[in-house]
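Peer 1: Dropping in structure-v4.txt, which is compact mmCIF, C-alpha atoms:
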```txt
# COMPACT_ATOMS: atom_id res chain seq x y z
CA MET K 1 0.00 0.00 0.00
CA PRO K 2 1.55 3.35 -1.00
CA THR K 3 2.16 5.93 1.70
CA VAL K 4 0.52 9.36 1.68
CA PRO K 5 0.82 12.74 3.44
CA PHE K 6 -1.90 14.15 5.67
CA GLY K 7 -3.15 17.58 6.68
CA LEU K 8 -5.24 19.19 9.41
CA GLN K 9 -8.20 21.50 8.81
CA LEU K 10 -8.97 23.84 11.72
CA PRO K 11 -12.61 24.99 11.51
CA ASN K 12 -13.41 25.94 15.10
CA PHE K 13 -12.71 29.26 16.81
CA THR K 14 -14.94 28.75 19.85
CA LEU K 15 -12.01 28.12 22.16
CA ASN K 16 -13.41 29.61 25.39
CA VAL K 17 -10.75 32.29 25.77
CA PRO K 18 -10.95 36.11 25.60
CA ASP K 19 -10.79 37.58 22.11
CA ASP K 20 -7.30 38.97 22.70
CA SER K 21 -6.07 35.44 23.43
CA LEU K 22 -7.93 33.72 20.61
CA PHE K 23 -5.12 33.80 18.06
CA ASP K 24 -2.47 32.43 20.41
CA GLU K 25 -4.85 29.65 21.45
CA PHE K 26 -5.51 28.85 17.80
CA VAL K 27 -1.82 28.91 16.90
CA ALA K 28 -1.21 26.12 19.40
CA PHE K 29 -3.21 23.76 17.17
CA ALA K 30 -1.19 24.63 14.07
CA VAL K 31 2.13 24.32 15.89
CA THR K 32 1.08 20.99 17.39
CA ALA K 33 0.08 19.76 13.94
CA GLU K 34 3.49 20.73 12.58
CA GLU K 35 5.34 19.10 15.46
CA SER K 36 3.37 15.84 15.24
CA GLY K 37 3.82 15.18 11.52
CA PHE K 38 0.97 16.86 9.64
CA ASP K 39 2.06 18.05 6.19
CA SER K 40 -0.39 20.95 5.90
CA VAL K 41 -2.78 23.15 7.88
CA TRP K 42 -6.01 24.44 6.35
CA VAL K 43 -8.68 26.91 7.45
CA MET K 44 -12.18 27.43 6.08
CA ASP K 45 -12.91 30.48 3.95
CA HIS K 46 -16.05 31.62 5.72
CA LEU K 47 -17.02 34.89 7.36
CA TYR K 48 -19.81 33.34 9.46
CA GLN K 49 -19.31 30.13 11.40
CA LEU K 50 -21.13 27.12 9.96
CA PRO K 51 -24.36 25.75 11.45
CA ALA K 52 -22.73 22.54 12.67
CA LEU K 53 -20.35 24.59 14.83
CA GLY K 54 -22.91 27.01 16.21
CA GLY K 55 -23.67 29.33 13.30
CA PRO K 56 -23.05 33.06 12.78
CA SER K 57 -23.06 33.98 16.47
CA GLN K 58 -19.83 32.03 17.00
CA PRO K 59 -16.32 33.40 16.31
CA MET K 60 -14.85 33.26 12.80
CA LEU K 61 -11.58 34.80 11.59
CA GLU K 62 -10.88 35.89 8.00
CA ALA K 63 -8.94 33.15 6.27
CA TYR K 64 -6.02 34.80 4.51
CA THR K 65 -5.17 37.23 7.29
CA LEU K 66 -5.08 34.22 9.57
CA LEU K 67 -2.97 32.10 7.21
CA SER K 68 -0.30 34.79 6.90
CA ALA K 69 -0.13 35.03 10.68
CA LEU K 70 0.13 31.24 10.95
CA GLY K 71 2.91 31.39 8.38
CA ALA K 72 4.92 33.58 10.73
CA ARG K 73 4.45 31.12 13.61
CA THR K 74 5.18 27.87 11.72
CA ASN K 75 8.16 26.67 9.71
CA ARG K 76 7.29 23.59 7.67
CA VAL K 77 3.58 22.97 7.13
CA LYS K 78 1.90 24.06 3.91
CA LEU K 79 -0.96 26.52 4.41
CA GLY K 80 -4.21 27.01 2.50
CA THR K 81 -7.96 27.39 2.59
CA LEU K 82 -10.32 24.48 2.29
CA VAL K 83 -11.63 26.12 0.27
CA THR K 84 -11.73 29.73 -0.95
CA GLY K 85 -15.21 30.79 -2.06
CA VAL K 86 -14.97 32.22 -5.55
CA THR K 87 -17.65 34.82 -4.76
CA TYR K 88 -15.72 36.61 -2.00
CA ARG K 89 -12.75 38.09 -3.88
CA ASN K 90 -11.87 39.32 -7.34
CA PRO K 91 -9.66 36.52 -8.72
CA ALA K 92 -6.78 38.85 -9.60
CA LEU K 93 -6.80 40.07 -6.01
CA LEU K 94 -6.95 36.45 -4.87
CA ALA K 95 -3.89 35.61 -6.97
CA LYS K 96 -2.06 38.53 -5.35
CA ILE K 97 -3.14 37.42 -1.85
CA VAL K 98 -1.98 33.84 -2.39
CA THR K 99 1.28 35.04 -3.95
CA THR K 100 1.85 37.20 -0.88
CA LEU K 101 1.18 34.18 1.35
CA ASP K 102 3.75 32.23 -0.66
CA ILE K 103 6.31 35.01 -0.12
CA VAL K 104 5.54 35.28 3.62
CA THR K 105 5.89 31.52 4.09
CA SER K 106 8.91 30.99 1.79
CA GLY K 107 6.93 28.82 -0.60
CA ARG K 108 4.32 27.08 1.56
CA ALA K 109 1.07 28.47 0.11
CA MET K 110 -1.62 26.31 -1.48
CA LEU K 111 -4.72 27.63 -3.27
CA GLY K 112 -7.87 25.72 -2.45
CA ILE K 113 -10.89 27.11 -4.27
CA GLY K 114 -14.53 26.22 -4.90
CA ALA K 115 -17.85 27.61 -6.08
CA ALA K 116 -19.03 28.79 -2.59
CA TRP K 117 -22.30 27.67 -1.02
CA TYR K 118 -23.07 29.37 2.30
CA ASP K 119 -25.99 31.57 1.28
CA VAL K 120 -26.54 33.00 4.77
CA GLU K 121 -23.23 34.82 4.90
CA HIS K 122 -23.66 36.10 1.35
CA GLU K 123 -27.04 37.58 2.23
CA GLY K 124 -25.89 38.96 5.56
CA LEU K 125 -22.73 40.61 4.26
CA GLY K 126 -23.96 41.73 0.87
CA PHE K 127 -22.04 39.37 -1.42
CA GLU K 128 -23.67 38.37 -4.67
CA PHE K 129 -24.85 34.77 -4.62
CA PRO K 130 -25.69 33.84 -8.21
CA ALA K 131 -27.14 30.51 -9.30
CA VAL K 132 -24.83 27.54 -9.11
CA GLY K 133 -24.23 27.46 -12.88
CA GLU K 134 -22.88 31.01 -12.82
CA ARG K 135 -20.77 30.28 -9.74
CA MET K 136 -19.19 27.36 -11.59
CA ASP K 137 -18.50 29.62 -14.58
CA ARG K 138 -16.87 32.12 -12.23
CA LEU K 139 -14.82 29.34 -10.66
CA GLU K 140 -13.40 28.29 -14.02
CA GLU K 141 -12.49 31.87 -14.93
CA ALA K 142 -10.93 32.49 -11.51
CA VAL K 143 -8.72 29.40 -11.73
CA LYS K 144 -7.52 30.46 -15.19
CA ILE K 145 -6.67 33.95 -13.95
CA CYS K 146 -4.86 32.71 -10.85
CA ARG K 147 -2.85 30.19 -12.83
CA ALA K 148 -1.90 32.84 -15.41
CA MET K 149 -0.85 35.34 -12.75
CA PHE K 150 1.24 32.71 -10.98
CA ARG K 151 3.10 31.67 -14.14
CA GLU K 152 3.00 34.32 -16.85
CA ASP K 153 4.46 37.78 -17.32
CA ARG K 154 1.68 40.37 -17.50
CA PRO K 155 -1.13 38.03 -18.65
CA SER K 156 -4.45 39.20 -20.09
CA PHE K 157 -7.77 37.37 -19.87
CA GLU K 158 -11.22 38.31 -21.10
CA GLY K 159 -14.01 36.29 -19.51
CA LYS K 160 -17.70 36.81 -19.09
CA HIS K 161 -17.35 37.66 -15.40
CA TYR K 162 -13.69 38.61 -14.87
CA GLN K 163 -11.02 40.35 -16.89
CA ILE K 164 -7.35 41.23 -16.48
CA ASN K 165 -5.26 43.34 -18.82
CA GLU K 166 -1.49 42.83 -18.82
CA ALA K 167 -1.68 42.19 -15.08
CA TRP K 168 1.47 42.61 -13.03
CA ASN K 169 2.12 40.17 -10.18
CA VAL K 170 5.41 41.22 -8.63
CA PRO K 171 7.08 39.65 -6.75
CA ARG K 172 6.35 36.30 -8.28
CA PRO K 173 5.49 33.26 -6.13
CA VAL K 174 8.41 31.48 -4.52
CA GLN K 175 7.23 28.10 -5.79
CA ALA K 176 8.15 27.36 -9.38
CA GLY K 177 4.93 27.55 -11.36
CA GLY K 178 3.13 29.05 -8.39
CA PRO K 179 1.17 27.48 -5.54
CA GLN K 180 -0.69 24.30 -6.34
CA ILE K 181 -4.38 24.73 -7.09
CA MET K 182 -6.91 22.45 -5.43
CA ILE K 183 -10.57 22.52 -6.47
CA GLY K 184 -12.95 21.42 -3.74
CA GLY K 185 -16.13 19.48 -4.43
CA GLY K 186 -17.31 16.20 -5.85
CA GLY K 187 -19.83 17.32 -8.46
CA GLU K 188 -19.50 14.88 -11.33
CA ARG K 189 -20.60 16.94 -14.31
CA ARG K 190 -18.66 20.17 -13.83
CA THR K 191 -16.54 20.22 -10.67
CA LEU K 192 -14.50 17.10 -11.39
CA LYS K 193 -14.26 18.08 -15.03
CA LEU K 194 -12.77 21.43 -13.98
CA VAL K 195 -10.29 19.51 -11.83
CA ALA K 196 -9.27 17.42 -14.83
CA GLN K 197 -8.87 20.53 -16.97
CA HIS K 198 -7.19 22.95 -14.60
CA ALA K 199 -6.27 21.73 -11.10
CA ASP K 200 -3.32 20.03 -9.44
CA MET K 201 -5.48 18.53 -6.70
CA CYS K 202 -9.10 17.68 -5.99
CA ASN K 203 -10.76 17.54 -2.60
CA ILE K 204 -13.67 15.16 -2.14
CA THR K 205 -15.56 13.55 0.72
CA GLY K 206 -17.35 10.27 1.25
CA ASN K 207 -17.03 6.65 2.28
CA VAL K 208 -14.91 4.07 0.49
CA ASP K 209 -17.45 3.28 -2.23
CA GLN K 210 -18.24 6.95 -2.83
CA ILE K 211 -14.56 7.85 -3.06
CA ARG K 212 -13.86 5.03 -5.50
CA HIS K 213 -16.73 6.22 -7.69
CA LYS K 214 -15.59 9.86 -7.62
CA VAL K 215 -12.05 8.86 -8.53
CA ASP K 216 -13.37 6.83 -11.45
CA VAL K 217 -15.37 9.84 -12.65
CA LEU K 218 -12.33 12.09 -12.33
CA HIS K 219 -10.18 9.67 -14.29
CA ARG K 220 -12.77 9.52 -17.07
CA HIS K 221 -12.75 13.31 -17.26
CA CYS K 222 -8.96 13.26 -17.44
CA LYS K 223 -9.12 10.79 -20.32
CA ASP K 224 -11.69 12.97 -22.11
CA VAL K 225 -9.46 16.06 -21.91
CA GLY K 226 -6.26 14.19 -22.72
CA ARG K 227 -4.65 14.46 -19.30
CA ASP K 228 -2.74 11.83 -17.33
CA PRO K 229 -4.81 11.14 -14.16
CA GLU K 230 -1.57 10.75 -12.24
CA GLU K 231 -1.07 14.50 -12.56
CA VAL K 232 -4.04 15.14 -10.23
CA LEU K 233 -3.63 14.42 -6.53
CA VAL K 234 -6.77 13.02 -4.89
CA THR K 235 -7.36 14.46 -1.41
CA ARG K 236 -10.16 13.58 0.98
CA LEU K 237 -11.61 15.68 3.80
CA SER K 238 -13.17 14.01 6.82
CA THR K 239 -13.76 14.47 10.51
CA LEU K 240 -11.51 12.28 12.65
CA ALA K 241 -12.65 11.02 16.06
CA LEU K 242 -10.04 8.90 17.83
CA THR K 243 -11.66 6.85 20.57
CA SER K 244 -10.27 4.84 23.46
CA SER K 245 -12.80 2.00 23.82
CA PRO K 246 -15.51 0.15 21.88
CA SER K 247 -18.20 1.85 23.96
CA GLU K 248 -16.82 5.31 23.13
CA THR K 249 -16.72 4.37 19.44
CA ALA K 250 -20.36 3.24 19.55
CA GLN K 251 -21.46 6.41 21.36
CA THR K 252 -19.58 8.64 18.90
CA ASN K 253 -21.05 6.88 15.88
CA GLU K 254 -24.54 7.15 17.35
CA PHE K 255 -24.08 10.89 17.92
CA LEU K 256 -22.77 11.40 14.38
CA ARG K 257 -25.66 9.45 12.89
CA ASP K 258 -28.04 11.81 14.66
CA VAL K 259 -26.13 14.84 13.35
CA ALA K 260 -25.12 13.71 9.87
CA GLY K 261 -27.53 10.91 8.95
CA ASP K 262 -26.36 8.95 5.92
CA ALA K 263 -23.18 11.04 5.73
CA VAL K 264 -21.77 9.31 8.82
CA GLY K 265 -19.75 7.04 6.52
CA ALA K 266 -17.68 10.06 5.54
CA PHE K 267 -16.30 10.32 9.09
CA ASN K 268 -13.39 8.33 10.50
CA VAL K 269 -14.26 7.07 13.98
CA GLY K 270 -12.58 4.41 16.05
CA GLU K 271 -9.62 3.24 18.07
CA GLU K 272 -6.17 3.42 16.51
CA ASN K 273 -6.25 0.01 14.84
CA GLU K 274 -9.71 0.74 13.40
CA ILE K 275 -8.59 4.09 11.99
CA ALA K 276 -5.54 2.45 10.43
CA SER K 277 -7.76 -0.14 8.74
CA GLN K 278 -10.12 2.57 7.45
CA LEU K 279 -7.20 4.51 5.96
CA ASP K 280 -5.92 1.41 4.18
CA GLU K 281 -9.32 0.91 2.57
CA LEU K 282 -9.51 4.56 1.51
CA GLN K 283 -6.03 4.40 -0.01
CA GLY K 284 -7.19 1.39 -1.97
CA ALA K 285 -10.14 3.44 -3.23
CA GLY K 286 -7.79 6.12 -4.55
CA VAL K 287 -7.08 8.62 -1.76
CA GLN K 288 -3.55 9.99 -2.05
CA TYR K 289 -3.67 12.72 0.60
CA PHE K 290 -5.81 12.78 3.74
CA ILE K 291 -7.11 15.97 5.35
CA PHE K 292 -8.80 15.68 8.73
CA ASN K 293 -10.60 18.06 11.01
CA MET K 294 -11.08 17.49 14.73
CA PRO K 295 -13.33 20.43 15.59
CA THR K 296 -14.16 19.61 19.19
CA SER K 297 -10.76 18.17 20.16
CA GLY K 298 -7.90 19.81 22.04
CA VAL K 299 -4.23 19.99 21.17
CA ASP K 300 -3.47 16.72 22.96
CA ALA K 301 -5.88 14.88 20.66
CA VAL K 302 -4.31 16.55 17.63
CA ARG K 303 -0.89 15.39 18.78
CA ARG K 304 -2.17 11.86 19.33
CA ALA K 305 -3.69 11.87 15.85
CA GLY K 306 -0.50 13.17 14.27
CA GLU K 307 1.56 10.48 15.94
CA LEU K 308 -0.85 7.74 14.83
CA LEU K 309 -1.02 9.01 11.27
CA SER K 310 2.75 9.44 11.08
CA LYS K 311 3.26 5.88 12.26
CA HIS K 312 0.75 4.45 9.83
CA LEU K 313 1.17 6.67 6.78
CA SER K 314 4.44 8.53 6.79
CA LYS K 315 7.17 5.94 6.34
CA GLY K 316 8.91 7.11 3.19
CA ARG K 317 6.18 9.60 2.43
CA GLN K 318 6.73 12.77 0.41
CA SER K 319 5.05 16.12 0.68
CA ALA K 320 2.43 16.79 -1.96
CA HIS K 321 4.68 19.60 -3.16
CA SER K 322 7.57 17.25 -3.89
CA ASN K 323 5.47 14.32 -5.09
CA SER K 324 6.25 13.70 -8.73
CA THR K 325 2.61 12.89 -9.44
CA VAL K 326 1.78 16.59 -9.05
CA ARG K 327 3.30 18.49 -11.94
CA SER K 328 2.08 21.32 -12.78
CA GLY K 329 -29.84 28.04 -7.22
CA LYS K 330 -30.15 28.41 -3.33
CA THR K 331 -28.32 26.02 -1.12
CA SER K 332 -29.50 24.61 2.18
CA THR K 333 -27.29 25.65 5.05
CA SER K 334 -28.10 22.44 6.90
CA ALA K 335 -26.12 20.27 4.47
CA THR K 336 -22.42 20.04 5.35
CA ARG K 337 -19.31 18.51 3.83
CA ALA K 338 -17.99 15.86 6.20
CA GLY K 339 -19.91 17.63 8.93
CA PHE K 340 -18.39 21.08 8.42
CA GLU K 341 -18.38 21.84 4.68
CA ARG K 342 -20.39 20.95 1.61
CA ASP K 343 -20.35 21.02 -2.16
CA ASP K 344 -22.94 20.97 -4.88
CA GLU K 345 -22.69 17.25 -5.30
CA HIS K 346 -24.45 16.97 -8.62
CA THR K 347 -22.79 19.92 -10.37
```
Spell out the structure here as structure tokens.

Peer 2:
Amino acid sequence: MPTVPFGLQLPNFTLNVPDDSLFDEFVAFAVTAEESGFDSVWVMDHLYQLPALGGPSQPMLEAYTLLSALGARTNRVKLGTLVTGVTYRNPALLAKIVTTLDIVTSGRAMLGIGAAWYDVEHEGLGFEFPAVGERMDRLEEAVKICRAMFREDRPSFEGKHYQINEAWNVPRPVQAGGPQIMIGGGGERRTLKLVAQHADMCNITGNVDQIRHKVDVLHRHCKDVGRDPEEVLVTRLSTLALTSSPSETAQTNEFLRDVAGDAVGAFNVGEENEIASQLDELQGAGVQYFIFNMPTSGVDAVRRAGELLSKHLSKGRQSAHSNSTVRSGKTSTSATRAGFERDDEHT
């Protein structure tokens, strides 16, 4: 079984400390992740907290300001959003922001991007929230602009929604070719096709059978556009709950079934040997890079998870950045991806 890297998504800012201590408390999770073997740290690109974590009344920090600050407090882990909502920023500005993050971190930035879905924060903060078809069109144009500004001298682009004209992006990204681009979502008609056409990485969710199916769809899209599927890294997001006994595992699964219903299969719950077995199955289904969140856990649990994952996955592993396989309508707010995000699954 091939070995793979793993990352940590940090979605929760309700840390029960005063606001002026919130950042330092949050940094402890990122530093612990780095120390215990995680390859990357990710934050959500939301301005309101998600319903599963308490909704808009709970704390939420702006993603890219936070990532730059994390970059100054960490040394090794890659940093990115899982994922940037295309509706929140002009894509040329986004390219400049991510380039700046790459400079600040000496080449550790990653660009995760998707079509956005959280209608409540769009309405509350005055962002346009067009129909999903238009958001997908915007996503494709944004990825093209970001890629061009990472790699080309003064590129121009004329799209239906976005334009650039001999755009300067100086200084250039530290990483040759610019930060890797990851498109989030498992929609089979458009999202995975966009991955095949334009992305270095995809991010999907689901159980073993669902992952295997999504990977098959992605590979068919790659074949259709004449691209080697090995050029696209398959990442999976899930919530990880490490338990200490069979009874705790049963209680956790029961709670998650109440919260997530049929989506409970997209979580990883169990004692260490059970988690290891689940990861083996997911690797067999096509996962090449795991990303976990542990939204209600403390730093000790993150360290325990990092040590387990390092032991099981990291022997001889390479970072995604050095891995030769990487070369180059209204939405319900109750639906969530792996408990804390979602995508337009049929797009």

Peer 1: Could you check how far atom CA of K:Arg76 sits from atom CA of K:Ala33, in Å to one decimal?

Peer 2: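 Atom-to-atom, atom CA of K:Arg76 to atom CA of K:Ala33, that is 10.3 Å.
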
Peer 1: Point out the residue among K:Leu66, K:Thr74, K:Ala131, K:Gly265 with the least atom-to-atom distance to K:Thr87, counting only C-alpha atoms.

Peer 2: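 Nearest candidate to K:Thr87 out of K:Leu66, K:Thr74, K:Ala131, K:Gly265: K:Ala131.
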
Peer 1: Just the residues within 6 Å of stretch 238-249 of chain K, please, counting all atoms listed in the file, with nothing from its chain fewer than 3 positions along; format it as a list in words.

Peer 2: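 Counting only the stated atoms, we get Thr252, Phe267, Asn268, Val269, Gly270, Glu271, Phe292, Asn293, Met294 and Ala338 of chain K.
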
Peer 1: In terms of the shortest atom-to-atom distance over all atoms listed in the file, which of K:Ile97, K:Ile164, K:Leu15, K:Val195 is closest to K:Met136?

Peer 2: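 Closest to K:Met136 of all the choices is K:Val195.
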
Peer 1: Nearest to K:Phe127 among K:Gly107, K:Leu93, K:Pro295, K:Tyr88, with distances taken over only C-alpha atoms: which residue is it?

Peer 2: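 Closest to K:Phe127 of all the choices is K:Tyr88.
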
Peer 1: Would you compute an axis-aligned box for stretch 272-284 of chain K, covering every atom listed for it in the file with 5 Å of margin on each side, and report centre and edge lengths in Å to one decimal as JSON?

Peer 2:
```
{"center_x": -7.8, "center_y": 2.2, "center_z": 7.3, "size_x": 14.6, "size_y": 14.7, "size_z": 28.5}
```

Peer 1: Please report the interatomic distance between atom CA of K:Lys144 and atom CA of K:Pro91 in Å with one decimal.

Peer 2: 9.1 Å

Peer 1: I need the residue nearest K:Leu82 from this list: K:His198, K:Thr105, K:Glu123, K:Arg236. Use all atoms listed in the file for the distance.

Peer 2: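 Closest to K:Leu82, using all atoms listed in the file: K:Arg236.
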
Peer 1: Can you tell me, as a list in words, what residues are no more than 10 Å from K:Cys202 when counting all atoms listed in the file, ignoring any on the same chain fewer than 5 positions away?

Peer 2: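 So, after excluding close chain neighbours, the residues are Gly112, Ile113, Ile181, Met182, Ile183, Gly184, Gly185, Gly186, Thr191, Leu192, Leu194, Val195, Ala196, Val215, Leu218, Val232, Leu233, Val234, Thr235, Arg236 and Tyr289 of chain K.
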
Peer 1: As a list in words, please: the residues near K:Arg227 (cut-off 9 Å, all atoms listed in the file, same-chain neighbours under 6 positions excluded).

Peer 2: Ala196, Gln197, His219 and His221 of chain K

Peer 1: Which of these residues is nearest to K:Trp42, using all atoms listed in the file: K:Ile103, K:Ile291, K:Ala69, K:Ile145?

Peer 2: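 Once distances to K:Trp42 are computed over all atoms listed in the file, the minimum belongs to K:Ile291.
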
Peer 1: Tell me, in Å to one decimal, how far atom CA of K:Asp153 is from atom CA of K:Val174.

Peer 2: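 Separating atom CA of K:Asp153 from atom CA of K:Val174 is a distance of 14.8 Å.
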
Peer 1: Go through K:Gly7, K:Gly114, K:Pro173, K:Gly54 one by one, measure the shortest atom-to-atom distance of each to K:Ser40 using only C-alpha atoms, and give the residue with the smallest value.

Peer 2: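 Among K:Gly7, K:Gly114, K:Pro173, K:Gly54, it is K:Gly7 that comes nearest to K:Ser40.
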
Peer 1: Within 10 Å of (2.6, 47.1, -16.8), only C-alpha atoms: residues as a list in words?

Peer 2: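 Every polymer residue passing the test: Asp153, Arg154, Pro155, Asn165, Glu166, Ala167, Trp168 and Asn169 of chain K.
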
Peer 1: Any idea what's packed within 8 Å of K:Ser68, counting only C-alpha atoms, ignoring anything in its chain fewer than 2 positions away? Could you give it as a PyMOL selection string?

Peer 2: chain K and resi 64-66+70-72+101+104-105

Peer 1: Applying 9 Å and all atoms listed in the file, which residues near K:Arg135 remain after dropping the ones on its own chain fewer than 4 positions away? List them as a ChimeraX atom specification.

Peer 2: /K:86-87,114-116,129-131,139-140

Peer 1: For stretch 24-50 of chain K, supply N, CA and C atoms and report the output as a CSV table (one decimal), keeping the file's coordinate frame.

Peer 2:
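Listing of out.csv after writing:
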```
chain,number,residue,atom,x,y,z
K,24,ASP,N,-3.5,33.3,19.8
K,24,ASP,CA,-2.5,32.4,20.4
K,24,ASP,C,-3.0,31.0,20.7
K,25,GLU,N,-4.3,31.0,21.2
K,25,GLU,CA,-4.8,29.6,21.4
K,25,GLU,C,-5.0,28.8,20.2
K,26,PHE,N,-5.4,29.5,19.1
K,26,PHE,CA,-5.5,28.8,17.8
K,26,PHE,C,-4.2,28.4,17.3
K,27,VAL,N,-3.2,29.2,17.4
K,27,VAL,CA,-1.8,28.9,16.9
K,27,VAL,C,-1.3,27.6,17.5
K,28,ALA,N,-1.7,27.3,18.7
K,28,ALA,CA,-1.2,26.1,19.4
K,28,ALA,C,-1.6,24.9,18.6
K,29,PHE,N,-2.8,24.9,18.0
K,29,PHE,CA,-3.2,23.8,17.2
K,29,PHE,C,-2.3,23.6,15.9
K,30,ALA,N,-2.0,24.7,15.3
K,30,ALA,CA,-1.2,24.6,14.1
K,30,ALA,C,0.2,24.2,14.4
K,31,VAL,N,0.8,24.7,15.5
K,31,VAL,CA,2.1,24.3,15.9
K,31,VAL,C,2.2,22.8,16.3
K,32,THR,N,1.2,22.4,17.0
K,32,THR,CA,1.1,21.0,17.4
K,32,THR,C,1.0,20.1,16.2
K,33,ALA,N,0.2,20.5,15.2
K,33,ALA,CA,0.1,19.8,13.9
K,33,ALA,C,1.5,19.6,13.3
K,34,GLU,N,2.2,20.8,13.2
K,34,GLU,CA,3.5,20.7,12.6
K,34,GLU,C,4.4,19.8,13.3
K,35,GLU,N,4.4,19.9,14.6
K,35,GLU,CA,5.3,19.1,15.5
K,35,GLU,C,5.0,17.6,15.4
K,36,SER,N,3.8,17.2,15.2
K,36,SER,CA,3.4,15.8,15.2
K,36,SER,C,3.3,15.2,13.9
K,37,GLY,N,3.7,15.9,12.8
K,37,GLY,CA,3.8,15.2,11.5
K,37,GLY,C,2.8,15.6,10.4
K,38,PHE,N,1.9,16.4,10.7
K,38,PHE,CA,1.0,16.9,9.6
K,38,PHE,C,1.8,17.6,8.6
K,39,ASP,N,1.4,17.4,7.3
K,39,ASP,CA,2.1,18.0,6.2
K,39,ASP,C,1.5,19.4,5.9
K,40,SER,N,0.3,19.7,6.3
K,40,SER,CA,-0.4,21.0,5.9
K,40,SER,C,-1.4,21.3,7.0
K,41,VAL,N,-1.7,22.6,7.0
K,41,VAL,CA,-2.8,23.2,7.9
K,41,VAL,C,-3.7,24.0,7.0
K,42,TRP,N,-5.0,23.8,7.2
K,42,TRP,CA,-6.0,24.4,6.4
K,42,TRP,C,-7.0,25.1,7.3
K,43,VAL,N,-7.6,26.3,6.8
K,43,VAL,CA,-8.7,26.9,7.4
K,43,VAL,C,-9.8,27.1,6.4
K,44,MET,N,-11.0,27.2,7.0
K,44,MET,CA,-12.2,27.4,6.1
K,44,MET,C,-12.2,28.9,5.6
K,45,ASP,N,-12.7,29.1,4.4
K,45,ASP,CA,-12.9,30.5,4.0
K,45,ASP,C,-14.4,30.9,4.1
K,46,HIS,N,-14.7,31.2,5.4
K,46,HIS,CA,-16.0,31.6,5.7
K,46,HIS,C,-15.9,32.9,6.6
K,47,LEU,N,-17.0,33.7,6.6
K,47,LEU,CA,-17.0,34.9,7.4
K,47,LEU,C,-18.0,34.7,8.5
K,48,TYR,N,-18.9,33.8,8.4
K,48,TYR,CA,-19.8,33.3,9.5
K,48,TYR,C,-19.4,31.9,9.8
K,49,GLN,N,-19.5,31.5,11.0
K,49,GLN,CA,-19.3,30.1,11.4
K,49,GLN,C,-20.5,29.3,10.8
K,50,LEU,N,-20.1,28.0,10.6
K,50,LEU,CA,-21.1,27.1,10.0
K,50,LEU,C,-22.1,26.6,11.0
```
